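Chemist: Okay, so here is query_29.cif, and as you'll see once you scroll down, it has mmCIF, C-alpha atoms.
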```
data_final
#
loop_
_atom_site.label_atom_id
_atom_site.label_comp_id
_atom_site.auth_asym_id
_atom_site.auth_seq_id
_atom_site.Cartn_x
_atom_site.Cartn_y
_atom_site.Cartn_z
CA MET A 1 4.50 25.01 9.98
CA ILE A 2 4.86 21.85 12.05
CA CYS A 3 5.74 19.81 8.93
CA ARG A 4 8.54 22.23 8.06
CA ARG A 5 9.96 22.00 11.56
CA ARG A 6 9.89 18.21 11.48
CA ARG A 7 11.48 18.17 8.04
CA ALA A 8 14.17 20.61 9.22
CA THR A 9 14.77 18.47 12.31
CA SER A 10 15.08 15.37 10.10
CA VAL A 11 17.57 17.13 7.84
CA LEU A 12 19.64 18.22 10.85
CA ALA A 13 19.57 14.70 12.27
CA LEU A 14 20.70 13.30 8.92
CA ALA A 15 23.52 15.85 8.71
CA ALA A 16 24.66 14.90 12.23
CA LEU A 17 24.65 11.21 11.26
CA VAL A 18 26.79 11.89 8.19
CA LEU A 19 29.19 14.00 10.27
CA LEU A 20 29.53 11.25 12.88
CA ALA A 21 30.14 8.69 10.15
CA GLY A 22 32.91 10.89 8.78
CA LEU A 23 34.52 11.20 12.22
CA SER A 24 34.28 7.43 12.69
CA ALA A 25 35.96 6.90 9.31
CA ALA A 26 38.98 8.84 10.55
CA CYS A 27 39.32 6.40 13.47
CA THR A 28 38.72 3.13 11.58
CA ASP A 29 39.51 1.62 8.22
CA GLU A 30 35.92 1.17 7.00
CA VAL A 31 32.54 2.63 7.76
CA GLU A 32 29.24 1.44 6.33
CA VAL A 33 26.33 3.79 6.63
CA GLU A 34 22.87 3.00 5.32
CA VAL A 35 20.49 5.92 5.49
CA ARG A 36 16.85 5.52 4.55
CA ILE A 37 15.48 9.05 4.36
CA TRP A 38 11.85 8.03 3.93
CA SER A 39 9.67 5.17 2.93
CA PHE A 40 6.18 5.06 1.50
CA ASP A 41 3.56 2.42 2.14
CA ARG A 42 1.84 1.11 -0.96
CA TYR A 43 -1.89 0.55 -1.28
CA VAL A 44 -4.26 -1.22 -3.62
CA THR A 45 -7.51 0.79 -3.69
CA GLY A 46 -10.95 0.70 -5.23
CA TYR A 47 -14.68 0.73 -4.52
CA VAL A 48 -17.25 -2.00 -3.90
CA LYS A 49 -20.86 -1.25 -4.87
CA ASP A 50 -24.20 -2.99 -5.09
CA ALA A 51 -24.64 -4.07 -8.74
CA GLU A 52 -28.37 -3.26 -8.77
CA THR A 53 -28.52 0.04 -6.90
CA GLY A 54 -24.99 1.38 -7.30
CA LEU A 55 -24.89 2.09 -3.57
CA PRO A 56 -21.67 1.45 -1.61
CA VAL A 57 -21.20 -1.86 0.16
CA ALA A 58 -19.75 -1.12 3.60
CA GLY A 59 -17.78 -3.69 5.59
CA ALA A 60 -16.87 -5.91 2.63
CA GLU A 61 -13.74 -8.02 3.09
CA VAL A 62 -11.21 -7.42 0.30
CA LEU A 63 -8.26 -9.75 -0.28
CA VAL A 64 -5.40 -8.63 -2.53
CA GLU A 65 -2.93 -11.08 -4.07
CA CYS A 66 0.72 -10.34 -4.92
CA SER A 67 2.40 -11.90 -7.96
CA ASP A 68 5.42 -13.00 -5.92
CA GLU A 69 3.21 -15.39 -3.93
CA SER A 70 3.99 -13.62 -0.65
CA GLY A 71 0.42 -14.17 0.45
CA LEU A 72 -2.85 -12.30 0.58
CA TYR A 73 -3.36 -8.82 2.03
CA LEU A 74 -6.61 -8.00 3.83
CA GLY A 75 -8.66 -4.82 3.95
CA TYR A 76 -12.27 -3.71 4.42
CA THR A 77 -14.53 -1.20 2.73
CA ASP A 78 -15.64 1.92 4.58
CA ALA A 79 -19.11 3.53 4.58
CA TRP A 80 -18.54 4.75 1.00
CA GLY A 81 -17.52 1.30 -0.23
CA TYR A 82 -13.89 2.45 -0.55
CA PHE A 83 -11.06 0.08 0.30
CA GLU A 84 -7.38 0.72 0.79
CA VAL A 85 -5.28 -2.42 1.32
CA ASN A 86 -1.69 -1.92 2.51
CA VAL A 87 0.64 -4.18 0.48
CA GLY A 88 4.00 -3.10 1.96
CA GLU A 89 6.57 -0.41 1.41
CA TRP A 90 7.25 0.93 -2.08
CA ASP A 91 10.79 -0.45 -2.22
CA ASP A 92 9.73 -3.95 -1.12
CA LEU A 93 8.64 -6.45 -3.77
CA ASP A 94 10.18 -4.46 -6.58
CA GLY A 95 8.43 -5.26 -9.85
CA ALA A 96 5.58 -7.16 -8.19
CA VAL A 97 2.05 -6.77 -9.47
CA PHE A 98 -1.22 -7.09 -7.57
CA ARG A 99 -4.85 -8.01 -8.14
CA VAL A 100 -8.03 -8.06 -6.12
CA TYR A 101 -8.28 -11.75 -5.28
CA SER A 102 -11.69 -11.85 -3.65
CA ILE A 103 -14.39 -9.70 -2.12
CA ARG A 104 -16.91 -10.97 0.41
CA ALA A 105 -19.85 -9.15 1.94
CA ALA A 106 -22.88 -10.33 3.90
CA GLY A 107 -25.92 -10.70 1.65
CA TYR A 108 -23.89 -10.74 -1.60
CA TYR A 109 -22.32 -13.30 -3.89
CA ASP A 110 -18.54 -13.39 -3.56
CA TYR A 111 -16.37 -11.68 -6.14
CA ALA A 112 -13.69 -14.03 -7.47
CA ALA A 113 -10.43 -12.85 -9.00
CA ASP A 114 -10.16 -12.14 -12.68
CA GLU A 115 -6.91 -11.98 -14.59
CA THR A 116 -6.36 -8.20 -14.30
CA TRP A 117 -3.08 -7.44 -12.52
CA TYR A 118 -1.94 -3.94 -11.50
CA GLY A 119 1.60 -2.64 -10.95
CA ILE A 120 2.79 0.37 -8.98
CA THR A 121 4.97 2.81 -10.88
CA ALA A 122 8.19 3.79 -9.09
CA GLY A 123 7.59 6.65 -6.69
CA GLU A 124 3.81 6.11 -6.53
CA ASP A 125 2.08 4.81 -3.45
CA GLU A 126 -1.31 3.70 -4.78
CA ILE A 127 -2.88 1.46 -7.40
CA TYR A 128 -6.50 2.35 -8.13
CA THR A 129 -8.19 -0.80 -9.43
CA GLY A 130 -11.68 0.53 -10.11
CA VAL A 131 -15.21 -0.32 -9.01
CA TYR A 132 -16.34 -3.85 -8.16
CA LEU A 133 -20.05 -4.63 -8.42
CA LEU A 134 -21.51 -7.33 -6.18
CA ASP A 135 -24.79 -9.10 -6.90
CA ARG A 136 -27.20 -9.59 -4.03
CA LEU A 137 -28.10 -13.05 -2.85
CA PRO A 138 -31.77 -14.03 -3.40
#
```
Would you mind writing the structure in this file as structure tokens?
Modeler:
Amino acid sequence: MICRRRRATSVLALAALVLLAGLSAACTDEVEVEVRIWSFDRYVTGYVKDAETGLPVAGAEVLVECSDESGLYLGYTDAWGYFEVNVGEWDDLDGAVFRVYSIRAAGYYDYAADETWYGITAGEDEIYTGVYLLDRLP
């Protein structure tokens, strides 16, 4: 019920903004109105597991690379070995693709990037990249 009220409030606020823009247009020659109704964050996700046991690797550092060379994005695995790295809003970096660049965890060999790149389809907010297996150090 709370979500519906917030959505209704947002719709009313948007309608008021459009009405004010219309009134302003009557008083001036030009009016520019940019309305962004909503925005979604995008995430690169996956799991990190021990190659021998298949158990999750918690606390692993995951770096994600973007094809537009905007830098690396950092995230960490949770207790289930799951990571979710925020790579910006869905309308930013249009057409960019991503890959897991590296994974580091105490007691394991580092994972180095392969050549698999993943893109986000328009309107989606997540790229699931799969399961990464780390080998234990001797």
Chemist: I'd like the residues picked by the PyMOL selection byres ((chain A and resi 111) around 12) written out as JSON, numbers by chain, using the chain letters and numbers from the file.
Modeler: {"A": [48, 49, 50, 51, 60, 61, 62, 63, 64, 100, 101, 102, 103, 104, 105, 108, 109, 110, 112, 113, 114, 131, 132, 133, 134, 135, 136]}
Chemist: Quick check, in Å to one decimal: how far apart do CA of Ala58 (chain A) and CA of Arg42 (chain A) lie?
Modeler: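 CA of Arg42 (chain A) lies 22.2 Å from CA of Ala58 (chain A).
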Chemist: Can you tell me how far CA of Gly81 (chain A) sits from CA of Tyr47 (chain A), in Å to one decimal?
Modeler: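 Interatomic distance here is 5.2 Å.
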Chemist: Please, what distance in Å, to one decimal, runs between CA of Trp117 (chain A) and CA of Glu65 (chain A)?
Modeler: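 Between CA of Trp117 (chain A) and CA of Glu65 (chain A) the gap works out to 9.2 Å.
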Chemist: Quick one: region 70-96 of chain A with N, CA and C atoms, as a CSV table (one decimal), keeping the file's coordinate frame?
Modeler:
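This went into part-v8.csv:
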```csv
chain,number,residue,atom,x,y,z
A,70,SER,N,3.7,-13.9,-2.1
A,70,SER,CA,4.0,-13.6,-0.6
A,70,SER,C,2.8,-13.7,0.2
A,71,GLY,N,1.6,-14.0,-0.3
A,71,GLY,CA,0.4,-14.2,0.4
A,71,GLY,C,-0.7,-13.2,0.0
A,72,LEU,N,-1.7,-13.2,0.8
A,72,LEU,CA,-2.8,-12.3,0.6
A,72,LEU,C,-2.9,-11.2,1.6
A,73,TYR,N,-3.3,-10.0,1.2
A,73,TYR,CA,-3.4,-8.8,2.0
A,73,TYR,C,-4.8,-8.5,2.2
A,74,LEU,N,-5.2,-8.2,3.5
A,74,LEU,CA,-6.6,-8.0,3.8
A,74,LEU,C,-7.0,-6.5,4.1
A,75,GLY,N,-8.1,-6.1,3.7
A,75,GLY,CA,-8.7,-4.8,4.0
A,75,GLY,C,-10.2,-4.9,3.9
A,76,TYR,N,-10.8,-3.8,4.4
A,76,TYR,CA,-12.3,-3.7,4.4
A,76,TYR,C,-12.7,-2.4,3.8
A,77,THR,N,-14.0,-2.4,3.3
A,77,THR,CA,-14.5,-1.2,2.7
A,77,THR,C,-15.1,-0.3,3.8
A,78,ASP,N,-15.1,1.0,3.6
A,78,ASP,CA,-15.6,1.9,4.6
A,78,ASP,C,-17.1,2.2,4.2
A,79,ALA,N,-17.7,3.2,4.8
A,79,ALA,CA,-19.1,3.5,4.6
A,79,ALA,C,-19.4,3.9,3.1
A,80,TRP,N,-18.4,4.3,2.4
A,80,TRP,CA,-18.5,4.8,1.0
A,80,TRP,C,-18.2,3.6,0.0
A,81,GLY,N,-17.9,2.4,0.6
A,81,GLY,CA,-17.5,1.3,-0.2
A,81,GLY,C,-16.1,1.3,-0.7
A,82,TYR,N,-15.3,2.3,-0.2
A,82,TYR,CA,-13.9,2.4,-0.6
A,82,TYR,C,-13.0,1.5,0.3
A,83,PHE,N,-12.0,0.9,-0.4
A,83,PHE,CA,-11.1,0.1,0.3
A,83,PHE,C,-9.7,0.6,0.0
A,84,GLU,N,-8.8,0.3,0.9
A,84,GLU,CA,-7.4,0.7,0.8
A,84,GLU,C,-6.6,-0.4,1.5
A,85,VAL,N,-6.0,-1.3,0.7
A,85,VAL,CA,-5.3,-2.4,1.3
A,85,VAL,C,-3.8,-2.2,1.3
A,86,ASN,N,-3.1,-2.1,2.4
A,86,ASN,CA,-1.7,-1.9,2.5
A,86,ASN,C,-1.0,-3.2,2.0
A,87,VAL,N,-0.1,-3.0,1.0
A,87,VAL,CA,0.6,-4.2,0.5
A,87,VAL,C,2.2,-4.0,0.7
A,88,GLY,N,2.6,-3.2,1.6
A,88,GLY,CA,4.0,-3.1,2.0
A,88,GLY,C,4.6,-1.8,1.5
A,89,GLU,N,5.9,-1.6,1.8
A,89,GLU,CA,6.6,-0.4,1.4
A,89,GLU,C,6.9,-0.4,-0.1
A,90,TRP,N,7.1,0.8,-0.6
A,90,TRP,CA,7.2,0.9,-2.1
A,90,TRP,C,8.5,0.3,-2.6
A,91,ASP,N,9.5,0.1,-1.7
A,91,ASP,CA,10.8,-0.4,-2.2
A,91,ASP,C,10.8,-2.0,-2.0
A,92,ASP,N,9.8,-2.5,-1.3
A,92,ASP,CA,9.7,-4.0,-1.1
A,92,ASP,C,9.1,-4.5,-2.4
A,93,LEU,N,9.3,-5.8,-2.7
A,93,LEU,CA,8.6,-6.4,-3.8
A,93,LEU,C,8.8,-5.7,-5.1
A,94,ASP,N,10.0,-5.2,-5.4
A,94,ASP,CA,10.2,-4.5,-6.6
A,94,ASP,C,9.7,-5.2,-7.8
A,95,GLY,N,8.9,-4.6,-8.6
A,95,GLY,CA,8.4,-5.3,-9.8
A,95,GLY,C,7.2,-6.1,-9.7
A,96,ALA,N,6.8,-6.3,-8.4
A,96,ALA,CA,5.6,-7.2,-8.2
A,96,ALA,C,4.3,-6.5,-8.7
```
